[in-house]
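Peer 1: Have a look at the structure that comes next, please.
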Amino acid sequence: MLQELMKNISEADMVLIAVGKETETLDLSGQDMFEKSAEFYRESFAELLQDIPEQTTSQQTKAFSKLDFYNRIEKLVKGKDYFVADLSVDGIIYKSELNRLRIVTPCGNFMKLQCACSDKLEDAAPYYEKDVCPVCDICHQKMVPNVYKTDGYNEEGYLKQWNLYNIWLQRSLSKKLFVLELGMDFSVPTVLRWPLERVVFISNTAKMYRVSEKYSQFPPEIANKVTSIPMNSMDYIGELENG
Ligand SMILES: [Zn+2]
């Protein structure tokens, strides 16, 4: 399994890693997103760069293995012309060894706070530490994590990288592209899933691995270019180490 994957990566000119919601460790459903984010930050995220605490909660374990997931991907693509497009909002990718300039997270990042009334984004860490939600100085409403579920989602947070990503993707049409898609579902298919199917369809030389526990199916038009791997994407990357 690893050998074949490595062969595809080494033969490609460009490698795109597309990460879907299957790997998300931060659940922001329900009412108070600030509250949930602050708890996740204090119990899990802030510990990521330190030693693993003796007593790890399940959330911590998930966060640690997610960091490991990214660092293993970095080893796979090291030295290649790569980009990572990630739908996660847990921000763990920014703690990994992956090159920040080659990362885009179009669904946002809980480490920034926004208010729908302005373009201003604030660094969330000091507020999560104190568990005090800042109030917007313009409209006096509580600020919320800068993630796509919020009303008036402020896309400024990722737009610059998104433009770079699209220029990179355009360039791939005349190159040999390998797409490793990990855990993509149908929650926001217009952002990555469908556009990438189209890129693979148009390109003569593109190849794709679609790894997903539930959604590894693909349209018939790209059948000769896609390898479907019906498996949890975190497990898939985890098991590569064993050969
Ligand atoms: Zn405001």
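Identifiers in the structure tokens: chain A, B, ... in order shown; residue index from 1 per chain; ligand index from 1 in order shown.
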Find the spatial neighbours of A:Met184, counting only C-alpha atoms, within a cut-off of 9 Å - ignore same-chain residues fewer than 6 positions away - and output them as a list in words.
Peer 2: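 In the requested format, the answer is Ala18, Val19, Gly20, Lys21, Glu22, Thr23, Leu87, Leu192, Arg193, Arg210, Val211, Ser212, Tyr215, Ser216 and Ser233 of chain A.
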Peer 1: Please, could you write that set of residues out with C-alpha atoms as a CSV table (one decimal), in the first residue's frame?
Peer 2:
```csv
chain,number,residue,atom,x,y,z
A,18,ALA,CA,-7.3,17.4,0.1
A,19,VAL,CA,-8.5,16.8,3.7
A,20,GLY,CA,-12.2,16.5,4.5
A,21,LYS,CA,-14.5,16.5,7.5
A,22,GLU,CA,-13.9,12.9,8.4
A,23,THR,CA,-10.8,14.1,10.3
A,87,LEU,CA,-11.8,21.6,5.4
A,192,LEU,CA,-13.2,20.7,-2.9
A,193,ARG,CA,-14.9,17.5,-3.8
A,210,ARG,CA,-10.0,8.8,-2.8
A,211,VAL,CA,-9.7,7.6,0.8
A,212,SER,CA,-13.0,7.8,2.8
A,215,TYR,CA,-17.8,8.3,0.6
A,216,SER,CA,-15.1,6.8,-1.5
A,233,SER,CA,-8.5,8.4,6.3
```
Peer 1: Find the residues near ligand 1. Use a cut-off of 8 Å, count only C-alpha atoms and all ligand atoms, and write them as a count of residues only.
Peer 2: 14
Peer 1: Looking at only C-alpha atoms, which of A:Val179, A:Arg171, A:Ser96, A:Pro230 is the one that sits closest to A:Asn71?
Peer 2: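 Answer, going by the shortest atom-to-atom distance: A:Ser96.
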Peer 1: What's the 12 Å shell around A:Lys160, counting only C-alpha atoms, without same-chain residues fewer than 2 positions away, as a list in words?
Peer 2: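 Result of the neighbour search: Leu101, Arg102, Ile103, Val104, Thr105, Pro106, Glu155, Glu156, Gly157, Tyr158, Trp162, Asn163, Leu164, Tyr165, Asn166 and Ile167 of chain A.
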Peer 1: Would you return as a ChimeraX atom specification the members of stretch 65-213 of chain A that DSSP assigns to helix (DSSP H, G or I) on this structure's backbone?
Peer 2: /A:65-77,92-95,100-102,125-130,156-172,193-202
Peer 1: Those selected residues, please, written with C-alpha atoms and delivered as a PDB file, in the first residue's frame.
Peer 2:
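Written out: result29.pdb:
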```
ATOM      1  CA  SER A  65      -3.317  11.797  16.502  1.00  0.00           C
ATOM      2  CA  LYS A  66      -4.500  14.528  14.140  1.00  0.00           C
ATOM      3  CA  LEU A  67      -1.159  16.302  14.571  1.00  0.00           C
ATOM      4  CA  ASP A  68       0.567  13.025  13.867  1.00  0.00           C
ATOM      5  CA  PHE A  69      -1.636  12.599  10.775  1.00  0.00           C
ATOM      6  CA  TYR A  70      -0.373  15.913   9.346  1.00  0.00           C
ATOM      7  CA  ASN A  71       3.235  15.223  10.220  1.00  0.00           C
ATOM      8  CA  ARG A  72       3.078  11.869   8.459  1.00  0.00           C
ATOM      9  CA  ILE A  73       1.620  13.557   5.399  1.00  0.00           C
ATOM     10  CA  GLU A  74       4.486  16.058   5.536  1.00  0.00           C
ATOM     11  CA  LYS A  75       6.963  13.185   5.417  1.00  0.00           C
ATOM     12  CA  LEU A  76       5.177  11.755   2.363  1.00  0.00           C
ATOM     13  CA  VAL A  77       5.268  15.008   0.381  1.00  0.00           C
ATOM     14  CA  ILE A  92      -4.174  21.636  14.179  1.00  0.00           C
ATOM     15  CA  ILE A  93      -2.655  21.744  10.693  1.00  0.00           C
ATOM     16  CA  TYR A  94      -0.967  25.033  11.665  1.00  0.00           C
ATOM     17  CA  LYS A  95       0.857  23.242  14.490  1.00  0.00           C
ATOM     18  CA  ARG A 100       2.196  27.275   6.061  1.00  0.00           C
ATOM     19  CA  LEU A 101       2.470  28.855   2.640  1.00  0.00           C
ATOM     20  CA  ARG A 102       1.169  25.601   1.158  1.00  0.00           C
ATOM     21  CA  ALA A 125      -5.835  32.396  22.157  1.00  0.00           C
ATOM     22  CA  PRO A 126      -5.791  35.068  24.905  1.00  0.00           C
ATOM     23  CA  TYR A 127      -9.588  34.990  25.115  1.00  0.00           C
ATOM     24  CA  TYR A 128      -9.811  31.186  25.212  1.00  0.00           C
ATOM     25  CA  GLU A 129      -7.212  31.152  27.993  1.00  0.00           C
ATOM     26  CA  LYS A 130      -9.294  33.507  30.119  1.00  0.00           C
ATOM     27  CA  GLU A 156     -10.757  37.237   4.699  1.00  0.00           C
ATOM     28  CA  GLY A 157      -9.044  34.740   6.966  1.00  0.00           C
ATOM     29  CA  TYR A 158      -8.219  32.331   4.146  1.00  0.00           C
ATOM     30  CA  LEU A 159      -8.750  34.311   0.943  1.00  0.00           C
ATOM     31  CA  LYS A 160      -5.110  35.101   0.197  1.00  0.00           C
ATOM     32  CA  GLN A 161      -4.141  31.432   0.462  1.00  0.00           C
ATOM     33  CA  TRP A 162      -7.220  30.421  -1.519  1.00  0.00           C
ATOM     34  CA  ASN A 163      -6.055  32.607  -4.394  1.00  0.00           C
ATOM     35  CA  LEU A 164      -2.583  31.064  -4.254  1.00  0.00           C
ATOM     36  CA  TYR A 165      -4.142  27.602  -4.191  1.00  0.00           C
ATOM     37  CA  ASN A 166      -6.220  28.335  -7.282  1.00  0.00           C
ATOM     38  CA  ILE A 167      -3.222  29.663  -9.201  1.00  0.00           C
ATOM     39  CA  TRP A 168      -1.311  26.515  -8.163  1.00  0.00           C
ATOM     40  CA  LEU A 169      -4.212  24.321  -9.272  1.00  0.00           C
ATOM     41  CA  GLN A 170      -4.411  26.058 -12.651  1.00  0.00           C
ATOM     42  CA  ARG A 171      -0.727  25.354 -13.155  1.00  0.00           C
ATOM     43  CA  SER A 172      -1.325  21.657 -12.436  1.00  0.00           C
ATOM     44  CA  ARG A 193     -14.855  17.456  -3.797  1.00  0.00           C
ATOM     45  CA  TRP A 194     -16.580  18.440  -7.051  1.00  0.00           C
ATOM     46  CA  PRO A 195     -13.956  20.922  -8.316  1.00  0.00           C
ATOM     47  CA  LEU A 196     -11.238  18.300  -7.812  1.00  0.00           C
ATOM     48  CA  GLU A 197     -13.247  15.681  -9.691  1.00  0.00           C
ATOM     49  CA  ARG A 198     -13.406  18.211 -12.510  1.00  0.00           C
ATOM     50  CA  VAL A 199      -9.659  18.908 -12.417  1.00  0.00           C
ATOM     51  CA  VAL A 200      -8.926  15.176 -12.544  1.00  0.00           C
ATOM     52  CA  PHE A 201     -11.396  14.787 -15.404  1.00  0.00           C
ATOM     53  CA  ILE A 202      -9.876  17.599 -17.489  1.00  0.00           C
TER      54      ILE A 202
END
```
Peer 1: Just want the 10 Å neighbourhood of A:Leu2, counted on only C-alpha atoms, with same-chain residues fewer than 2 positions away dropped. Output as JSON, numbers by chain.
Peer 2: {"A": [4, 5, 6, 7, 8, 76, 236, 237, 239, 240, 241, 242, 243]}
Peer 1: In stretch 62-229 of chain A, what's strand (DSSP E or B) per DSSP? Answer as a PyMOL selection string?
Peer 2: chain A and resi 81-86+103-104+108-114+121-123+135+142+144-147+177-182+207-211+226-229
Peer 1: In Å to one decimal, how far is atom CA of A:Met234 from atom CA of A:Gly79?
Peer 2: 22.5 Å
Peer 1: Would you mind reading off the distance between atom CA of A:Glu43 and atom CA of A:Val89, one decimal, in Å?
Peer 2: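 Spanning atom CA of A:Glu43 to atom CA of A:Val89 is a straight-line distance of 16.4 Å.
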Peer 1: How many Å separate atom CA of A:Tyr209 from atom CA of A:Asn232?
Peer 2: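 Atom-to-atom, atom CA of A:Tyr209 to atom CA of A:Asn232, that is 13.0 Å.
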